[in-house]
Amino acid sequence: MKKPIYITTSIAYVNAEPHIGFLYELLAADVLKRYHQSIGHEVFLVTGTDEHGTKVAQAAAAAGQEPQAYVDQVAENFKALKDFGTEYDYFIRTTNLEHQQFVQEKWTKLVEAGVLQKKPYKGFYCSGCEAFKNESEIKDGKCVIHERDLEQIEEENWFLILSDNLKSGIKKFIEECVEPATRRQEVLNVLESGAYDEISVSRSREKLSWGVPVPNDNTQTMYVWVDALFNYLSALKINSKENYWPADIQIIGKDILKFHAIIWPALLLATGEELPKKLLVHGFINVDGKKMSKSLGNVVTPAALKERYGVEATRYLLFRQLSFYDDSNFSWDEFDALYNGELANGLGNLVARVIGLAKVIPTDDLASIHQWIEVHRRKQQAFFREILKRDRVDFQREVGGFVEGAEESLINRGDSFITRKLLWRETEKKSVEVRAVFNLVLELSFRLEPFMPETAKEIRRQLETLESKPLFPRLQK
RNA sequence: AGCGGGGUAGGGGAAUGGCACCCCGGGUGGCUCAUAACCACCAGGUACAGGUUCGAAUCCUGUCCCCGCUACCA
C-alpha cells in the first residue's frame, strides 16, 4: 500500500484578513489534491494559521482585544475559504496546545542534538525587521532596509547552528526539491553566503510575549518561525497520521522561501526526520501593477471575486489568467474579458450548442452514456498520471483545456468542428459527428474537473439529461 | 548600496537552445445550432548593442528602463 499523499500550504499569518494570494495558494493545493484523488491516491491536505508573534499581538491590541480572542476570530475567516471548494482535511492553528507541546518536545530534541545553543549575543537589532543585522546589512549605523537607527542589544539568545554537515544536506535538498529553478538558485546563493550559518531563534520574553515559551528557560520565547514550521509535522501528530510524513508537496510563497528551504530542512535533519519531496514556490499577485496593500487600498478579497464571478469561475480565472510560479498582475478588466471570452462564449456556449445538437443522437445510443463517461474517466486518469510525473504542474495551461502537444484548446476544436461539419444542417444524418463532439465535451469535463469540480459534474448532468442551462452567463458591462 | 525578478503584436500574458503561441482589441469573409454567441483568413511582436551556436525570446557581455526585498502584506 502506497503512502498517502501529504500536501501542505503555508500557514497564513493572522494579522490581517485573507486576500487572494492565500486563496490562490490554497486552491493550488486543492487542485493537486484532486489530481491525485482522481487517479486513486489517498490525500491529506493541511492548511492553517500562524498565530504567534509581535505583529499579531500588536494587531490584537489595535483591535482592542486579547490576542487569543483576536486570533480565534481571524482564524475563522481563513477557515471560511472552504467555501471555494478547497477540500482541506485539517486546519492547523499554532495556538493549538497540542501543537505547542509538540514544538517544545522538538525544541528539547534540538538542544540535545547540539543544534540549538544558548549564547550571549551582542548585536544590532532592527525593530523593523525584528531581526539582528550583520555587517553587510548595516550602513552608517542604520538598517539598509529600514534606514532607521539600530538598537544595540546585549542578551542571551538561542541560536540554530548550521554545521557543514547540515549545510550539505540542505544544499542537496534545495537542488533536488525546490521548484521552479530560479528560486533554487536564489536560495542556494543565500545558503552559501553564510548569512544563515547562525540564526537567532529565540527572543527575550519582554520583547516577545505572544509565543511558545522555550522549554526550561523562562526568559525566552521561541522565534515564530521555529514554532510555525513545525506545524507541518504537528498537524500529522494531532491526527495520528505521523506515517504520512514526508510531505509530498509543500506549497509556499516566494517571500518565505528562505525559511522553508534553509531553516526547515535544518530542523528536520537535526531531529532525524525525512525531508519533504517537493517545495513548490509561487509568485505574488499584484493589482494594476502595484503590490496589494492596505494603505494603497487595492487589496482584492476572495469575497469580492466570489461575488462577481462565483466560486467555479473564480477558480478558473485565477489559474488561467495568473502565472503561478511568477509574479503576475490582477485586474478586474482582464478577469472580466477572460470570463466572457473563455467561460461564457467559450465553454458555456459550446456546451449549450452541443446539448441542442445532441437531441439527434438515438435514444438507445444515448442510454450507453455511462459507458462513454467511464471511457473518458479512464482516459483522463492516464493523462493526469503523466501530468503528475512532471516536475511541476503548469496550471495555466492545464486549466485552459489544451489539446495535448498543441496550442489549441478542446473548446476551440469543438466549435471549429461543429462549424466545419455544418452540424446544424440535416443534423439527423450526422449523428456520428454529433456524437464525436458530444464526447469531446465529456472529455473536457474531466479535464477541467480538478479546477472546476462542480462545473464538470454539471456539464455531465446536462449531457445526460439534455437539459440546457447556462453555465456562465455573460457579464454585462 | 546589495540581492533578486523583469522588458515578447494596440492592451494583457505563454514559450526549460529548435515552426514565436493564447485571450482581448482591429480588418475581411462565412455561419445563424448556440449565452448578440461561433468559424476561417488577414494585419501586427522578442527594449538596445555586441557575442556564443548549425540554430537564441531563451545562454554570455554591456547599455537603458521597470519592479520586489521597506509600516500593513502571500
# chains A, B, ... in the order shown; residues from 1 in each chain; ligands from 1
>>> residues_around(residues="stretch 278-293 of chain A", least_positions_apart="2", cutoff="9 Å", atoms="only C-alpha atoms (C1' of nucleotides)", output="MDAnalysis selection string")
(chainID A and resid 19:21 25 173:174 176:180 183 247:257 260:261 275:276 295:300 322:332 391:392) or (chainID B and resid 67:68 72:74)
>>> select_by_dssp(residues="stretch 168-296 of chain A", states="strand (DSSP E or B)", output="list in words")
Val178, Glu179, Glu198, Ile199, Ser200, Ser202, Arg203, Ser204, Pro213, Gln220, Thr221, Met222, Ile249, Gln250, Ile251, Ile252, Gly253, Leu279, Leu280, Val281, His282, Ile285, Asn286, Val287, Lys290 and Lys291 of chain A
>>> closest_atom_pairs(of="chain B", to="chain A", cutoff="8 Å", atoms="only C-alpha atoms (C1' of nucleotides)", output="CSV")
residue,atom,partner,partner_atom,distance
B:G4,C1',A:Glu186,CA,7.2
B:G12,C1',A:Glu334,CA,7.1
B:G13,C1',A:Gln321,CA,7.5
B:C21,C1',A:Glu407,CA,6.5
B:C22,C1',A:Glu407,CA,7.6
B:C23,C1',A:Leu338,CA,6.5
B:C24,C1',A:Ala337,CA,6.3
B:C31,C1',A:Thr419,CA,7.5
B:C33,C1',A:Trp424,CA,4.7
B:A34,C1',A:Arg353,CA,4.2
B:U35,C1',A:Asn349,CA,5.6
B:A37,C1',A:Asn345,CA,5.9
B:C38,C1',A:Asp415,CA,6.3
B:C39,C1',A:Ser416,CA,5.7
B:U70,C1',A:His146,CA,5.7
B:C72,C1',A:Lys294,CA,5.9
B:C73,C1',A:Ser293,CA,5.9
B:A74,C1',A:Gly21,CA,5.1
>>> residues_around(residues="stretch 42-55 of chain B", least_positions_apart="5", cutoff="12 Å", atoms="only C-alpha atoms (C1' of nucleotides)", output="ChimeraX atom specification")
/B:6-10,15,17-18,20-21,26-29,60-66
>>> residues_around(residues="A:Gly169", least_positions_apart="4", cutoff="10 Å", atoms="only C-alpha atoms (C1' of nucleotides)", output="PyMOL selection string")
chain A and resi 163-165+173-174+262+265-266+269+275
>>> closest_residue(among="A:Val74, A:Ala28, A:Leu366, A:Leu166", to="A:Ser431", atoms="only C-alpha atoms")
A:Leu366
>>> select_by_dssp(residues="stretch 257-446 of chain A", states="helix (DSSP H, G or I)", output="PyMOL selection string")
chain A and resi 257-270+302-321+332-360+363-366+369-389+395-398+410-420+427-446
>>> write_last_selection(atoms="C-alpha atoms", output="tab-separated table (two decimals), in the first residue's frame")
chain	number	residue	atom	x	y	z
A	257	LEU	CA	11.45	30.56	0.67
A	258	LYS	CA	14.48	31.06	2.93
A	259	PHE	CA	12.65	29.72	5.94
A	260	HIS	CA	11.37	26.68	4.10
A	261	ALA	CA	14.47	25.87	2.11
A	262	ILE	CA	17.08	26.51	4.81
A	263	ILE	CA	15.68	26.54	8.35
A	264	TRP	CA	13.03	23.88	7.77
A	265	PRO	CA	15.33	21.19	6.36
A	266	ALA	CA	17.83	22.06	9.10
A	267	LEU	CA	15.22	21.43	11.77
A	268	LEU	CA	14.16	18.19	10.12
A	269	LEU	CA	17.64	16.84	9.55
A	270	ALA	CA	18.64	17.67	13.11
A	302	PRO	CA	-11.74	36.35	-2.06
A	303	ALA	CA	-15.25	37.54	-1.26
A	304	ALA	CA	-15.12	40.18	-3.97
A	305	LEU	CA	-14.11	37.63	-6.60
A	306	LYS	CA	-16.79	35.26	-5.46
A	307	GLU	CA	-19.42	37.93	-5.69
A	308	ARG	CA	-18.55	38.88	-9.24
A	309	TYR	CA	-17.72	35.51	-10.78
A	310	GLY	CA	-18.92	32.81	-8.43
A	311	VAL	CA	-16.73	30.13	-6.93
A	312	GLU	CA	-16.19	27.98	-10.00
A	313	ALA	CA	-15.27	30.80	-12.36
A	314	THR	CA	-13.02	32.34	-9.71
A	315	ARG	CA	-11.09	29.11	-9.51
A	316	TYR	CA	-10.77	29.02	-13.29
A	317	LEU	CA	-9.80	32.66	-13.72
A	318	LEU	CA	-7.11	32.69	-11.04
A	319	PHE	CA	-5.31	29.79	-12.67
A	320	ARG	CA	-5.92	30.81	-16.25
A	321	GLN	CA	-5.03	34.48	-16.04
A	332	TRP	CA	-10.84	43.37	-13.00
A	333	ASP	CA	-10.98	44.28	-16.67
A	334	GLU	CA	-8.77	41.38	-17.63
A	335	PHE	CA	-10.71	38.97	-15.48
A	336	ASP	CA	-13.96	40.18	-17.00
A	337	ALA	CA	-12.61	39.78	-20.52
A	338	LEU	CA	-11.38	36.29	-19.79
A	339	TYR	CA	-14.64	35.32	-18.14
A	340	ASN	CA	-16.69	36.42	-21.13
A	341	GLY	CA	-14.18	35.17	-23.68
A	342	GLU	CA	-13.38	31.72	-22.38
A	343	LEU	CA	-16.12	30.78	-19.96
A	344	ALA	CA	-19.28	32.39	-21.33
A	345	ASN	CA	-18.54	32.48	-25.07
A	346	GLY	CA	-16.21	29.53	-24.94
A	347	LEU	CA	-17.08	26.73	-22.58
A	348	GLY	CA	-20.64	27.68	-21.65
A	349	ASN	CA	-21.68	28.40	-25.20
A	350	LEU	CA	-20.12	25.21	-26.54
A	351	VAL	CA	-21.96	23.06	-24.01
A	352	ALA	CA	-25.23	24.76	-24.95
A	353	ARG	CA	-24.58	24.17	-28.67
A	354	VAL	CA	-23.80	20.52	-28.14
A	355	ILE	CA	-26.86	19.88	-25.99
A	356	GLY	CA	-29.02	21.32	-28.73
A	357	LEU	CA	-27.44	19.13	-31.38
A	358	ALA	CA	-27.34	16.01	-29.23
A	359	LYS	CA	-31.10	15.62	-29.47
A	360	VAL	CA	-30.49	13.69	-32.71
A	363	THR	CA	-32.15	7.35	-27.54
A	364	ASP	CA	-30.92	3.80	-27.17
A	365	ASP	CA	-27.49	5.03	-28.17
A	366	LEU	CA	-27.56	7.71	-25.54
A	369	ILE	CA	-23.65	7.32	-22.00
A	370	HIS	CA	-22.46	5.90	-18.70
A	371	GLN	CA	-20.06	3.70	-20.59
A	372	TRP	CA	-18.75	6.66	-22.56
A	373	ILE	CA	-18.26	8.51	-19.31
A	374	GLU	CA	-16.20	5.66	-17.90
A	375	VAL	CA	-14.09	5.54	-21.03
A	376	HIS	CA	-13.28	9.21	-20.63
A	377	ARG	CA	-12.66	8.88	-16.94
A	378	ARG	CA	-10.01	6.24	-17.61
A	379	LYS	CA	-8.51	8.23	-20.44
A	380	GLN	CA	-8.14	11.24	-18.20
A	381	GLN	CA	-6.58	9.17	-15.45
A	382	ALA	CA	-3.81	8.20	-17.81
A	383	PHE	CA	-3.37	11.85	-18.76
A	384	PHE	CA	-3.35	13.02	-15.14
A	385	ARG	CA	-0.72	10.44	-14.25
A	386	GLU	CA	1.51	11.99	-16.87
A	387	ILE	CA	0.88	15.48	-15.55
A	388	LEU	CA	1.78	14.48	-12.02
A	389	LYS	CA	5.06	12.98	-13.16
A	395	PHE	CA	-1.78	25.17	-14.03
A	396	GLN	CA	-2.22	27.95	-16.55
A	397	ARG	CA	-2.07	25.54	-19.44
A	398	GLU	CA	-3.98	22.65	-17.94
A	410	LEU	CA	-10.59	21.50	-26.76
A	411	ILE	CA	-13.20	24.26	-26.75
A	412	ASN	CA	-11.89	25.80	-29.95
A	413	ARG	CA	-11.58	22.37	-31.51
A	414	GLY	CA	-15.22	21.62	-30.67
A	415	ASP	CA	-16.57	24.91	-32.02
A	416	SER	CA	-14.48	24.60	-35.12
A	417	PHE	CA	-15.66	21.03	-35.73
A	418	ILE	CA	-19.32	22.00	-35.46
A	419	THR	CA	-18.85	24.83	-37.92
A	420	ARG	CA	-16.79	22.90	-40.45
A	427	THR	CA	-28.41	17.06	-38.22
A	428	GLU	CA	-30.29	13.78	-38.22
A	429	LYS	CA	-27.91	12.46	-40.88
A	430	LYS	CA	-24.85	13.44	-38.86
A	431	SER	CA	-25.29	11.59	-35.63
A	432	VAL	CA	-21.75	10.17	-35.86
A	433	GLU	CA	-20.28	13.67	-35.93
A	434	VAL	CA	-22.62	14.89	-33.23
A	435	ARG	CA	-21.54	12.04	-31.05
A	436	ALA	CA	-17.90	12.97	-31.65
A	437	VAL	CA	-18.38	16.49	-30.39
A	438	PHE	CA	-20.56	15.22	-27.58
A	439	ASN	CA	-17.65	13.05	-26.49
A	440	LEU	CA	-15.28	15.95	-26.81
A	441	VAL	CA	-17.32	17.87	-24.26
A	442	LEU	CA	-17.33	14.85	-21.99
A	443	GLU	CA	-13.55	14.75	-22.22
A	444	LEU	CA	-13.41	18.46	-21.47
A	445	SER	CA	-15.48	17.96	-18.35
A	446	PHE	CA	-12.92	15.54	-16.96
>>> closest_residue(among="A:Ile361, A:Val399, A:Val214, A:Ala62", to="A:Thr108", atoms="only C-alpha atoms")
A:Val214
>>> atom_distance(atom1="atom CA of A:Tyr244", atom2="atom CA of A:Ile92")
15.7 Å
>>> residues_around(residues="stretch 77-81 of chain A", least_positions_apart="4", cutoff="9 Å", atoms="only C-alpha atoms (C1' of nucleotides)", output="MDAnalysis selection string")
chainID A and resid 12 14 17:18 23 26 47:49 73 85:86 91 302
>>> atom_distance(atom1="atom CA of A:Thr8", atom2="atom CA of A:Tyr88")
9.1 Å
>>> residues_around(residues="stretch 93-104 of chain A", least_positions_apart="4", cutoff="7 Å", atoms="only C-alpha atoms (C1' of nucleotides)", output="list in words")
Gly48, Thr49, Asp50, Glu51, Thr108, Val212, Val214, Pro215, Asp227, Ala228, Phe230, Asn231, Ser234 and Ile238 of chain A
